[in-house]
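A.B. asks: Pasting work.txt below, which is compact mmCIF, C-alpha atoms and all ligand atoms.
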```
# COMPACT_ATOMS: atom_id res chain seq x y z
CA MET J 8 -9.83 20.26 11.41
CA HIS J 9 -11.81 21.59 14.40
CA ALA J 10 -12.39 18.90 17.07
CA ASP J 11 -16.19 18.93 16.66
CA ALA J 12 -15.94 18.74 12.91
CA TYR J 13 -13.47 15.89 13.30
CA ALA J 14 -15.83 14.01 15.62
CA ALA J 15 -18.69 14.54 13.20
CA ARG J 16 -16.59 13.29 10.30
CA SER J 17 -15.52 10.22 12.32
CA LYS J 18 -19.14 9.46 13.05
CA LEU J 19 -19.98 9.86 9.40
CA ILE J 20 -17.43 7.23 8.52
CA SER J 21 -18.30 4.92 11.39
CA ILE J 22 -21.96 4.79 10.48
CA GLY J 23 -20.96 4.10 6.90
CA VAL J 24 -23.00 6.74 5.13
CA LEU J 25 -23.07 6.04 1.43
CA LEU J 26 -21.64 8.84 -0.64
CA GLN J 27 -22.49 7.75 -4.16
CA GLU J 28 -22.69 11.24 -5.61
CA ILE J 29 -19.64 12.75 -4.07
CA PRO J 30 -18.79 16.40 -4.45
CA ALA J 31 -15.11 17.17 -5.01
CA ILE J 32 -13.31 17.20 -1.69
CA ASP J 33 -10.12 18.46 -0.10
CA VAL J 34 -7.73 15.53 -0.53
CA ASN J 35 -5.86 16.48 2.62
CA ASP J 36 -9.01 15.72 4.61
CA HIS J 37 -8.24 12.02 4.89
CA ASP J 38 -11.50 11.06 6.58
CA ALA J 39 -13.54 12.68 3.82
CA LEU J 40 -11.34 11.01 1.22
CA ILE J 41 -11.77 7.59 2.83
CA ALA J 42 -15.56 7.97 3.08
CA ALA J 43 -15.70 9.00 -0.57
CA LEU J 44 -13.44 6.17 -1.74
CA LEU J 45 -14.92 3.26 0.19
CA PRO J 46 -17.78 2.38 -2.19
CA ALA J 47 -15.36 2.10 -5.15
CA VAL J 48 -12.76 0.23 -3.08
CA ARG J 49 -15.42 -2.25 -2.04
CA ASP J 50 -16.64 -2.66 -5.61
CA ALA J 51 -13.07 -3.22 -6.80
CA GLY J 52 -12.53 -5.77 -4.03
CA ARG J 53 -15.68 -7.65 -5.05
CA VAL J 54 -14.64 -7.75 -8.70
CA GLU J 55 -11.21 -9.07 -7.73
CA MET J 56 -12.62 -11.80 -5.45
CA GLU J 57 -14.99 -12.93 -8.18
CA HIS J 58 -12.14 -13.30 -10.67
CA PHE J 59 -9.90 -14.83 -8.01
CA ARG J 60 -12.43 -17.60 -7.33
CA LYS J 61 -13.12 -18.31 -11.00
CA GLY J 62 -9.52 -17.97 -12.21
CA VAL J 63 -8.35 -15.53 -14.86
CA ALA J 64 -6.55 -15.63 -18.17
CA ILE J 65 -3.06 -14.15 -18.08
CA GLU J 66 -1.95 -11.48 -20.51
CA GLN J 67 1.54 -10.07 -20.84
CA LYS J 68 2.47 -6.40 -20.62
CA ALA J 69 5.26 -4.82 -22.69
CA ASP J 70 7.70 -5.38 -19.76
CA ARG J 71 6.63 -9.08 -19.80
CA SER J 72 4.96 -8.82 -16.38
CA PRO J 73 1.48 -10.36 -16.17
CA VAL J 74 -1.82 -8.52 -16.10
CA THR J 75 -5.39 -9.79 -15.91
CA VAL J 76 -8.90 -8.57 -16.52
CA ALA J 77 -9.20 -8.19 -12.73
CA ASP J 78 -6.37 -5.60 -12.67
CA ARG J 79 -8.03 -3.61 -15.41
CA GLU J 80 -11.62 -3.75 -14.14
CA ALA J 81 -10.58 -2.83 -10.59
CA GLU J 82 -8.41 0.05 -11.81
CA ALA J 83 -11.26 1.43 -13.96
CA LEU J 84 -13.56 1.50 -10.90
CA LEU J 85 -10.98 3.32 -8.77
CA LEU J 86 -10.06 5.83 -11.45
CA ALA J 87 -13.71 6.67 -12.11
CA ALA J 88 -14.23 7.36 -8.40
CA LEU J 89 -11.02 9.35 -7.94
CA SER J 90 -11.67 11.55 -10.93
CA LYS J 91 -15.02 12.53 -9.39
CA ILE J 92 -13.66 12.94 -5.88
CA ALA J 93 -10.63 15.03 -6.84
CA PRO J 94 -11.02 16.08 -10.48
CA SER J 95 -8.07 18.47 -10.39
CA VAL J 96 -5.56 15.98 -8.98
CA GLN J 97 -3.42 13.92 -11.35
CA ILE J 98 -3.66 10.13 -11.05
CA VAL J 99 -0.72 7.84 -11.76
CA ALA J 100 -2.06 4.30 -12.11
CA GLU J 101 -0.13 1.11 -12.87
CA GLU J 102 -2.17 -0.20 -15.82
CA ASP J 103 -2.65 3.28 -17.24
CA ILE J 104 1.13 3.68 -17.36
CA ALA J 105 1.52 0.18 -18.83
CA ALA J 106 -0.93 1.21 -21.55
CA GLY J 107 1.29 4.15 -22.49
CA ALA J 108 0.12 7.04 -20.30
CA ALA J 109 2.97 9.47 -19.61
CA PRO J 110 1.81 11.90 -16.94
CA GLY J 111 3.58 15.25 -16.79
CA TYR J 112 5.21 16.43 -13.57
CA ALA J 113 2.81 17.26 -10.75
CA ARG J 114 3.49 18.39 -7.19
CA ARG J 115 0.51 16.42 -5.87
CA PHE J 116 -0.81 13.21 -7.35
CA PHE J 117 -2.51 9.93 -6.53
CA LEU J 118 -0.72 6.62 -7.02
CA VAL J 119 -3.02 3.67 -7.72
CA ASP J 120 -2.19 -0.02 -7.85
CA ALA J 121 -5.61 -1.62 -8.17
CA LEU J 122 -4.21 -5.15 -7.88
CA ASP J 123 -0.84 -5.39 -6.24
CA GLY J 124 0.51 -8.93 -6.27
CA THR J 125 -0.84 -9.99 -9.67
CA ARG J 126 1.51 -12.98 -9.94
CA LEU J 127 0.23 -14.39 -6.66
CA PHE J 128 -3.37 -13.61 -7.62
CA ILE J 129 -2.91 -15.73 -10.75
CA ARG J 130 -1.40 -18.54 -8.68
CA GLY J 131 -4.37 -18.56 -6.31
CA LYS J 132 -2.56 -17.07 -3.32
CA PRO J 133 -4.79 -14.72 -1.31
CA GLU J 134 -2.05 -12.11 -0.76
CA PHE J 135 -3.04 -9.29 -3.07
CA SER J 136 -4.03 -5.73 -2.23
CA ILE J 137 -5.63 -2.55 -3.52
CA ASN J 138 -3.30 0.42 -2.95
CA ILE J 139 -4.23 4.09 -3.15
CA GLY J 140 -1.59 6.62 -2.12
CA PHE J 141 -1.43 10.39 -2.30
CA VAL J 142 1.86 12.25 -2.74
CA GLU J 143 2.58 15.87 -1.99
CA ASP J 144 6.01 17.44 -2.51
CA GLY J 145 7.68 14.05 -2.80
CA ARG J 146 6.18 12.64 0.38
CA ALA J 147 3.53 9.92 0.61
CA SER J 148 1.03 11.62 2.91
CA PHE J 149 -2.12 9.49 2.52
CA GLY J 150 -2.54 5.76 2.22
CA LEU J 151 -5.42 3.35 1.82
CA ILE J 152 -4.76 -0.38 1.41
CA PHE J 153 -7.48 -3.00 1.19
CA LEU J 154 -6.85 -6.74 1.34
CA PRO J 155 -9.94 -8.27 -0.32
CA PRO J 156 -9.35 -11.91 0.78
CA SER J 157 -9.28 -11.01 4.48
CA GLU J 158 -11.45 -7.86 4.16
CA ARG J 159 -8.81 -5.92 6.13
CA LEU J 160 -8.67 -2.19 5.40
CA PHE J 161 -5.74 0.03 6.47
CA VAL J 162 -5.75 3.83 6.23
CA THR J 163 -4.19 7.05 7.40
CA ARG J 164 -6.84 9.28 8.97
CA SER J 165 -7.24 13.01 9.55
CA ASP J 166 -5.69 12.86 13.02
CA GLY J 167 -2.41 11.67 11.44
CA ALA J 168 -2.64 8.14 12.90
CA ALA J 169 -3.02 4.79 11.13
CA TYR J 170 -6.16 2.72 11.50
CA GLU J 171 -7.48 -0.70 10.58
CA ALA J 172 -11.08 -1.67 9.89
CA ARG J 173 -12.97 -4.59 8.42
CA LEU J 174 -14.73 -3.80 5.17
CA PRO J 175 -17.11 -6.71 4.48
CA LEU J 176 -17.55 -7.57 0.82
CA SER J 177 -20.67 -9.67 1.18
CA GLY J 178 -24.17 -8.39 1.81
CA ASP J 179 -26.35 -5.91 0.04
CA ASP J 180 -25.13 -2.89 -1.82
CA VAL J 181 -25.39 -0.49 1.10
CA LEU J 182 -21.97 0.25 2.54
CA PRO J 183 -21.88 -1.57 5.88
CA ASP J 184 -20.83 -0.21 9.23
CA VAL J 185 -17.08 0.39 9.22
CA SER J 186 -15.44 1.02 12.56
CA PHE J 187 -11.80 1.90 12.78
CA LYS J 188 -9.26 0.77 15.35
CA LYS J 189 -6.01 2.69 15.78
CA ILE J 190 -2.89 0.64 15.02
CA ALA J 191 0.76 1.10 15.97
CA THR J 192 4.01 -0.66 15.25
CA ARG J 193 5.75 -2.74 17.91
CA ALA J 194 9.16 -2.08 19.44
CA PRO J 195 11.57 -4.52 17.79
CA ASP J 196 12.91 -7.35 19.93
CA ARG J 197 16.41 -7.75 18.45
CA ASP J 198 16.41 -11.44 19.38
CA ALA J 199 13.07 -12.20 17.76
CA LEU J 200 12.87 -10.03 14.64
CA VAL J 201 10.21 -10.99 12.10
CA ALA J 202 10.80 -9.95 8.46
CA PHE J 203 8.36 -10.12 5.54
CA ASN J 204 9.80 -10.97 2.15
CA SER J 205 8.55 -10.70 -1.39
CA ARG J 206 8.71 -13.97 -3.27
CA GLY J 207 9.63 -11.98 -6.38
CA ALA J 208 12.54 -10.15 -4.77
CA GLY J 209 15.18 -12.86 -5.09
CA SER J 210 17.79 -13.37 -2.42
CA ALA J 211 19.42 -9.94 -2.46
CA SER J 212 17.97 -9.02 0.92
CA ALA J 213 19.10 -12.28 2.56
CA HIS J 214 22.41 -10.70 3.53
CA LEU J 215 20.69 -7.94 5.48
CA LEU J 216 18.40 -10.39 7.27
CA ALA J 217 21.46 -12.47 8.26
CA GLU J 218 23.24 -9.29 9.35
CA LEU J 219 20.29 -8.38 11.59
CA ARG J 220 19.97 -12.00 12.79
CA VAL J 221 16.32 -12.04 11.85
CA ALA J 222 14.59 -14.89 13.68
CA GLU J 223 11.85 -15.48 11.15
CA ALA J 224 11.41 -14.50 7.48
CA ARG J 225 7.88 -14.90 6.13
CA PRO J 226 7.19 -14.79 2.39
CA LEU J 227 4.26 -12.52 1.67
CA GLY J 228 2.89 -10.73 -1.37
CA SER J 229 1.83 -7.16 -2.12
CA ALA J 230 1.67 -4.07 0.11
CA MET J 231 0.22 -6.33 2.80
CA LYS J 232 3.79 -6.45 4.16
CA PHE J 233 3.66 -2.75 5.11
CA CYS J 234 0.24 -3.22 6.73
CA LEU J 235 1.30 -6.11 8.94
CA ILE J 236 4.33 -4.16 10.17
CA ALA J 237 2.07 -1.15 10.81
CA ALA J 238 -0.26 -3.38 12.83
CA GLY J 239 2.64 -4.65 14.97
CA GLU J 240 2.71 -8.14 13.43
CA GLY J 241 6.29 -7.94 12.18
CA ASP J 242 9.39 -5.73 12.21
CA LEU J 243 10.81 -5.18 8.73
CA TYR J 244 10.52 -5.70 4.99
CA ALA J 245 13.68 -5.36 2.90
CA ARG J 246 13.18 -4.94 -0.84
CA PHE J 247 16.41 -5.02 -2.81
CA GLY J 248 14.65 -5.42 -6.12
CA GLU J 249 12.39 -3.67 -8.57
CA THR J 250 9.27 -1.93 -7.28
CA TYR J 251 7.29 1.07 -8.45
CA GLU J 252 5.93 4.03 -6.55
CA TRP J 253 2.37 2.63 -6.67
CA ASP J 254 3.62 -0.48 -4.85
CA THR J 255 4.90 1.51 -1.86
CA ALA J 256 3.31 4.98 -1.43
CA ALA J 257 0.16 3.92 0.42
CA GLY J 258 2.11 1.42 2.50
CA GLN J 259 4.73 3.99 3.47
CA ALA J 260 2.08 6.56 4.50
CA ILE J 261 0.31 3.97 6.67
CA LEU J 262 3.50 2.61 8.19
CA GLU J 263 4.85 6.08 9.02
CA ALA J 264 1.52 7.05 10.60
CA ALA J 265 1.76 3.89 12.73
CA GLY J 266 5.26 4.78 13.99
CA GLY J 267 7.45 3.15 11.36
CA SER J 268 9.75 4.32 8.56
CA VAL J 269 10.65 3.41 5.00
CA THR J 270 14.22 4.24 4.06
CA THR J 271 16.62 3.90 1.18
CA LEU J 272 19.81 1.99 1.91
CA ASP J 273 21.54 5.12 3.19
CA GLY J 274 18.81 5.68 5.75
CA GLU J 275 16.93 8.51 4.00
CA PRO J 276 13.12 8.37 3.70
CA LEU J 277 11.89 6.93 0.41
CA THR J 278 10.52 9.80 -1.73
CA TYR J 279 8.09 10.01 -4.66
CA GLY J 280 7.65 11.71 -7.99
CA ASN J 281 10.25 10.12 -10.25
CA PHE J 282 8.29 11.09 -13.35
CA THR J 283 11.35 10.82 -15.56
CA ARG J 284 12.37 7.36 -14.31
CA GLY J 285 9.00 5.74 -14.81
CA PHE J 286 8.19 5.80 -11.07
CA LEU J 287 10.82 3.17 -10.30
CA ASN J 288 11.82 3.04 -6.62
CA PRO J 289 15.33 2.63 -5.32
CA TYR J 290 15.98 -0.34 -3.03
CA PHE J 291 14.45 0.24 0.38
CA VAL J 292 13.71 -1.20 3.80
CA ALA J 293 10.44 -0.73 5.70
CA TRP J 294 10.89 -0.69 9.45
CA GLY J 295 8.46 -0.94 12.36
CA ARG J 296 10.35 1.89 14.08
CA GLN J 297 13.60 3.65 13.15
CA PRO J 298 16.10 1.91 10.83
CA LEU J 299 18.13 -0.80 12.54
CA TRP J 300 20.68 -0.70 9.73
CA ARG J 301 21.96 1.49 6.93
CA SER J 302 24.56 1.00 4.23
CA GLY J 303 28.04 0.92 5.77
CA ASP J 304 26.77 -0.45 9.10
CA GLU J 305 27.85 -4.03 8.37
CA THR J 306 30.68 -4.09 10.88
CA SER J 307 28.77 -2.54 13.75
CA THR J 308 25.72 -4.72 13.13
CA SER J 309 27.67 -7.95 12.97
CA LYS J 310 29.47 -7.01 16.19
CA ARG J 311 26.13 -6.50 17.94
CA GLY J 312 26.02 -8.55 21.12
CA ALA J 313 29.66 -9.57 20.75
N1 LIG U 401 10.06 -10.14 -11.04
C1 LIG U 401 9.08 -9.64 -10.30
N2 LIG U 401 8.21 -10.45 -9.68
C2 LIG U 401 7.22 -9.96 -8.91
N3 LIG U 401 7.01 -8.65 -8.71
C3 LIG U 401 7.82 -7.79 -9.31
C4 LIG U 401 8.90 -8.23 -10.12
N4 LIG U 401 9.54 -7.14 -10.56
C5 LIG U 401 8.90 -6.09 -10.07
N5 LIG U 401 7.87 -6.45 -9.31
C6 LIG U 401 7.00 -5.51 -8.60
O1 LIG U 401 6.70 -5.99 -7.31
C7 LIG U 401 5.29 -6.02 -7.11
C8 LIG U 401 4.90 -7.24 -6.36
O2 LIG U 401 5.49 -7.20 -5.14
P1 LIG U 401 5.45 -8.49 -4.19
O3 LIG U 401 6.36 -9.49 -4.82
O4 LIG U 401 5.96 -7.93 -2.93
O5 LIG U 401 4.02 -8.92 -4.16
C9 LIG U 401 4.68 -6.02 -8.46
O6 LIG U 401 3.45 -5.36 -8.39
P2 LIG U 401 2.15 -5.82 -9.26
O7 LIG U 401 1.80 -7.20 -8.81
O8 LIG U 401 1.13 -4.81 -8.89
O9 LIG U 401 2.63 -5.75 -10.69
C10 LIG U 401 5.71 -5.31 -9.34
O10 LIG U 401 5.47 -3.91 -9.39
MG MG U 402 2.11 -3.59 -7.51
```
Could you show the structure in this file as structure tokens?
C.D. replies:
Amino acid sequence: MHADAYAARSKLISIGVLLQEIPAIDVNDHDALIAALLPAVRDAGRVEMEHFRKGVAIEQKADRSPVTVADREAEALLLAALSKIAPSVQIVAEEDIAAGAAPGYARRFFLVDALDGTRLFIRGKPEFSINIGFVEDGRASFGLIFLPPSERLFVTRSDGAAYEARLPLSGDDVLPDVSFKKIATRAPDRDALVAFNSRGAGSASAHLLAELRVAEARPLGSAMKFCLIAAGEGDLYARFGETYEWDTAAGQAILEAAGGSVTTLDGEPLTYGNFTRGFLNPYFVAWGRQPLWRSGDETSTSKRGA
């Protein structure tokens, strides 16, 4: 985008202009996409916080994982907005898939997890997120993650960098001022590595953390783990367990834009579009910078500092 147009767009976002009736936009214009999505993201965040405070009844999906009315209401809000914003772009959404949707192959598509961390949400832990990712040719190129309990918003913007903003949920219905601050990952200190862990992931990643001599492992839910690494608050997140593309696409886009990487165990970037495998991810590690380990490195890693 031309520099002046970029500045104008930035201003548009920073003064929080409400775009209720949004014309279809170019999804590669991240700033326009963010401005168009924010009202629905905020509405979804409000709905989730209301249910979170009151408590919700648990239902079981076909795969026996839990779902709540909050997941469904939030997803409906996001899908309604996205289908107006980008009517020609396919949307792959967690609860839609659970309800039997079987999207055909697409080169470009949105991935939506309206409530990532449902189990923790049910247990009253404020560690859930709203994830919206966009994939083109197998790569997660856009990410928006909102953490309703802390009102922290993380995005990739049109300049290719990652940003954080506060999106207040309280107040009147006018979208408040949202000002973005650029974020970047930190250089890892090999003697003080901080890892984030899913509580649902089991102990399969423990071996890697021991191998890397991680100083501190913090349990944390949802795609929040990617965001905290992107913001320089930790160094890695190893997931040797089941996740789906909607759990990781937005987080990977944000982390990569902040200077990090998300790799499979052989060190290749995690890719998207496994339409035939139900959007299941392989095991992966998210890193603040380049991978510190890949499969087969055991000997060299354990000899580090010897
Ligand atoms: N046994 C399990 N427990 C928790 N999460 C699981 C799981 N198996 C798969 N997952 C996936 O991991 C996500 C939660 O990750 P985390 O544990 O890092 O919060 C879930 O997203 P949803 O909560 O959106 O279903 C789900 O897709
Ligand atoms: Mg999820």
A.B. asks: With distances taken over only C-alpha atoms and all ligand atoms, which of J:Glu171, J:Glu82, J:Glu101, J:Asp196 is nearest to ligand LIG 401 (chain U)?
C.D. replies: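 With only C-alpha atoms and all ligand atoms as the atom set, the closest residue is J:Glu101.
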A.B. asks: Name the closest residue to Arg197 of chain J among the candidates J:Arg296, J:Arg220, J:Arg164, J:Arg225; distances are taken between atoms, counting only C-alpha atoms.
C.D. replies: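 Of J:Arg296, J:Arg220, J:Arg164, J:Arg225, the one nearest Arg197 of chain J, counting only C-alpha atoms, is J:Arg220.
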A.B. asks: For His37 of chain J, work out the shell of residues within 8 Å, counting only C-alpha atoms and skipping chain neighbours fewer than 5 positions away, then give it as a VMD selection string.
C.D. replies: chain J and resid 149 163 to 165
A.B. asks: What does the file look like for those residues with C-alpha atoms, as a JSON list (two decimals), keeping the file's coordinate frame?
C.D. replies:
```
[["chain", "number", "residue", "atom", "x", "y", "z"],
["J", 149, "PHE", "CA", -2.12, 9.49, 2.52],
["J", 163, "THR", "CA", -4.19, 7.05, 7.40],
["J", 164, "ARG", "CA", -6.84, 9.28, 8.97],
["J", 165, "SER", "CA", -7.24, 13.01, 9.55]]
```
A.B. asks: List all protein, DNA and RNA residues that have at least one atom no more than 9 Å from any atom of ligand MG 402 (chain U), counting all atoms listed in the file, and write them as an NGL selection string.
C.D. replies: :J and (101 or 119-125 or 135-138 or 229-230 or 250-255)
A.B. asks: May I have the residues within 12 Å of Arg53 of chain J as a list in words, using all atoms listed in the file and disregarding those fewer than 5 positions away in the same chain?
C.D. replies: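 The neighbour list is Pro46, Ala47, Val48, His58, Phe59, Arg60, Ala77, Glu80, Ala81, Leu84, Ile137, Phe153, Leu154, Pro155, Pro156, Ser157, Glu158, Leu174, Pro175, Leu176, Ser177, Gly178, Asp179 and Asp180 of chain J.
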A.B. asks: Considering all atoms listed in the file, can you say which of J:Leu44, J:Ile261, J:Ile129, J:Ala168 comes closest to ligand LIG 401 (chain U)?
C.D. replies: J:Ile129
A.B. asks: Could you state the separation of atom CA of Glu240 of chain J and atom CA of Ala293 of chain J in Å, given to one decimal place?
C.D. replies: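 Computing the Euclidean distance for atom CA of Glu240 of chain J and atom CA of Ala293 of chain J yields 13.2 Å.
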A.B. asks: When you count all atoms listed in the file, which of these residues is closest to ligand LIG 401 (chain U): J:Ala238, J:Leu118, J:Leu277, J:Met56?
C.D. replies: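 The closest residue to ligand LIG 401 (chain U) is J:Leu118.
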A.B. asks: Could you list, as a list of chain:residue names, every residue within 9 Å of Arg126 of chain J, counting all atoms listed in the file and ignoring same-chain residues fewer than 3 positions away?
C.D. replies: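 With the cut-off at 9 Å, the set is J:Ser72, J:Pro73, J:Val74, J:Asp123, J:Ile129, J:Arg130, J:Gly131, J:Lys132, J:Gly207, J:Gly228.
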A.B. asks: Determine the axis-aligned bounding box of all atoms of ligand LIG 401 (chain U) present in the file, pad each side by 8 Å, and express its centre and edge lengths in Å to one decimal place as lines of an AutoDock Vina configuration file.
C.D. replies:
```
center_x = 5.6
center_y = -7.2
center_z = -7.0
size_x = 24.9
size_y = 22.5
size_z = 24.1
```
A.B. asks: Would you work out the distance separating atom C5 of ligand LIG 401 (chain U) from atom CA of Gln259 of chain J, expressed in Å to one decimal?
C.D. replies: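 Taking atom C5 of ligand LIG 401 (chain U) as the start and atom CA of Gln259 of chain J as the end point, the length is 17.4 Å.
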A.B. asks: Taking into account all atoms listed in the file, which residue in the set J:Ala245, J:Val96, J:Leu287, J:Ala191 is nearest to His214 of chain J?
C.D. replies: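 Once distances to His214 of chain J are computed over all atoms listed in the file, the minimum belongs to J:Ala245.
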A.B. asks: For the point (3.2, -7.6, 10.2) in file coordinates, what residues are within 9 Å, counting only C-alpha atoms? Give the answer as a VMD selection string?
C.D. replies: chain J and resid 192 201 to 203 231 to 243 295
A.B. asks: Using all atoms listed in the file, can you tell me which of J:Arg146, J:Lys188, J:Lys61, J:Lys68 comes closest to ligand LIG 401 (chain U)?
C.D. replies: J:Lys68
A.B. asks: Rounded to one decimal, what separation in Å do you get between atom CA of Gly145 of chain J and atom CA of Asp304 of chain J?
C.D. replies: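 So the two atoms, atom CA of Gly145 of chain J and atom CA of Asp304 of chain J, lie 26.8 Å apart.
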A.B. asks: Need to verify the contact set: Asn35 of chain J, 12 Å, all atoms listed in the file, exclusion of same-chain residues closer than 5 positions in sequence. Can you return it as a ChimeraX atom specification?
C.D. replies: /J:8,40-41,93,96,115-117,140-143,147-150,163-167
A.B. asks: Kindly provide, as a list in words, the polymer residues lying within 9 Å of (7.5, 17.8, -10.9), counting all atoms listed in the file and using the coordinates exactly as they appear in the file.
C.D. replies: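 Nearby residues: Gly111, Tyr112, Ala113, Arg114, Arg115, Asp144, Gly145, Gly280, Asn281 and Phe282 of chain J.
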A.B. asks: Generate the missing atoms of segment 65-81 of chain J up to N, CA and C atoms and report them as a compact mmCIF listing (two decimals), in the coordinates of the input.
C.D. replies:
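The new file part.txt reads:
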```txt
# COMPACT_ATOMS: atom_id res chain seq x y z
N ILE J 65 -4.22 -15.03 -18.26
CA ILE J 65 -3.06 -14.15 -18.08
C ILE J 65 -2.71 -13.48 -19.40
N GLU J 66 -2.48 -12.18 -19.34
CA GLU J 66 -1.95 -11.48 -20.51
C GLU J 66 -0.59 -10.93 -20.12
N GLN J 67 0.21 -10.58 -21.15
CA GLN J 67 1.54 -10.07 -20.84
C GLN J 67 1.66 -8.60 -21.24
N LYS J 68 2.25 -7.81 -20.31
CA LYS J 68 2.47 -6.40 -20.62
C LYS J 68 3.77 -6.28 -21.42
N ALA J 69 4.05 -5.06 -21.89
CA ALA J 69 5.26 -4.82 -22.69
C ALA J 69 6.51 -5.21 -21.90
N ASP J 70 6.51 -5.03 -20.56
CA ASP J 70 7.70 -5.38 -19.76
C ASP J 70 7.68 -6.87 -19.38
N ARG J 71 6.78 -7.63 -19.98
CA ARG J 71 6.63 -9.08 -19.80
C ARG J 71 6.05 -9.46 -18.44
N SER J 72 5.63 -8.47 -17.63
CA SER J 72 4.96 -8.82 -16.38
C SER J 72 3.49 -9.12 -16.69
N PRO J 73 2.85 -9.94 -15.85
CA PRO J 73 1.48 -10.36 -16.17
C PRO J 73 0.44 -9.32 -15.77
N VAL J 74 -0.67 -9.35 -16.47
CA VAL J 74 -1.82 -8.52 -16.10
C VAL J 74 -3.07 -9.34 -16.39
N THR J 75 -4.15 -9.04 -15.71
CA THR J 75 -5.39 -9.79 -15.91
C THR J 75 -6.55 -8.81 -16.05
N VAL J 76 -7.69 -9.38 -16.42
CA VAL J 76 -8.90 -8.57 -16.52
C VAL J 76 -9.26 -7.98 -15.15
N ALA J 77 -8.90 -8.68 -14.09
CA ALA J 77 -9.20 -8.19 -12.73
C ALA J 77 -8.45 -6.89 -12.45
N ASP J 78 -7.15 -6.84 -12.85
CA ASP J 78 -6.37 -5.60 -12.67
C ASP J 78 -7.07 -4.43 -13.36
N ARG J 79 -7.48 -4.70 -14.60
CA ARG J 79 -8.03 -3.61 -15.41
C ARG J 79 -9.41 -3.16 -14.94
N GLU J 80 -10.27 -4.13 -14.59
CA GLU J 80 -11.62 -3.75 -14.14
C GLU J 80 -11.54 -2.99 -12.81
N ALA J 81 -10.70 -3.48 -11.90
CA ALA J 81 -10.58 -2.83 -10.59
C ALA J 81 -10.02 -1.42 -10.76
```
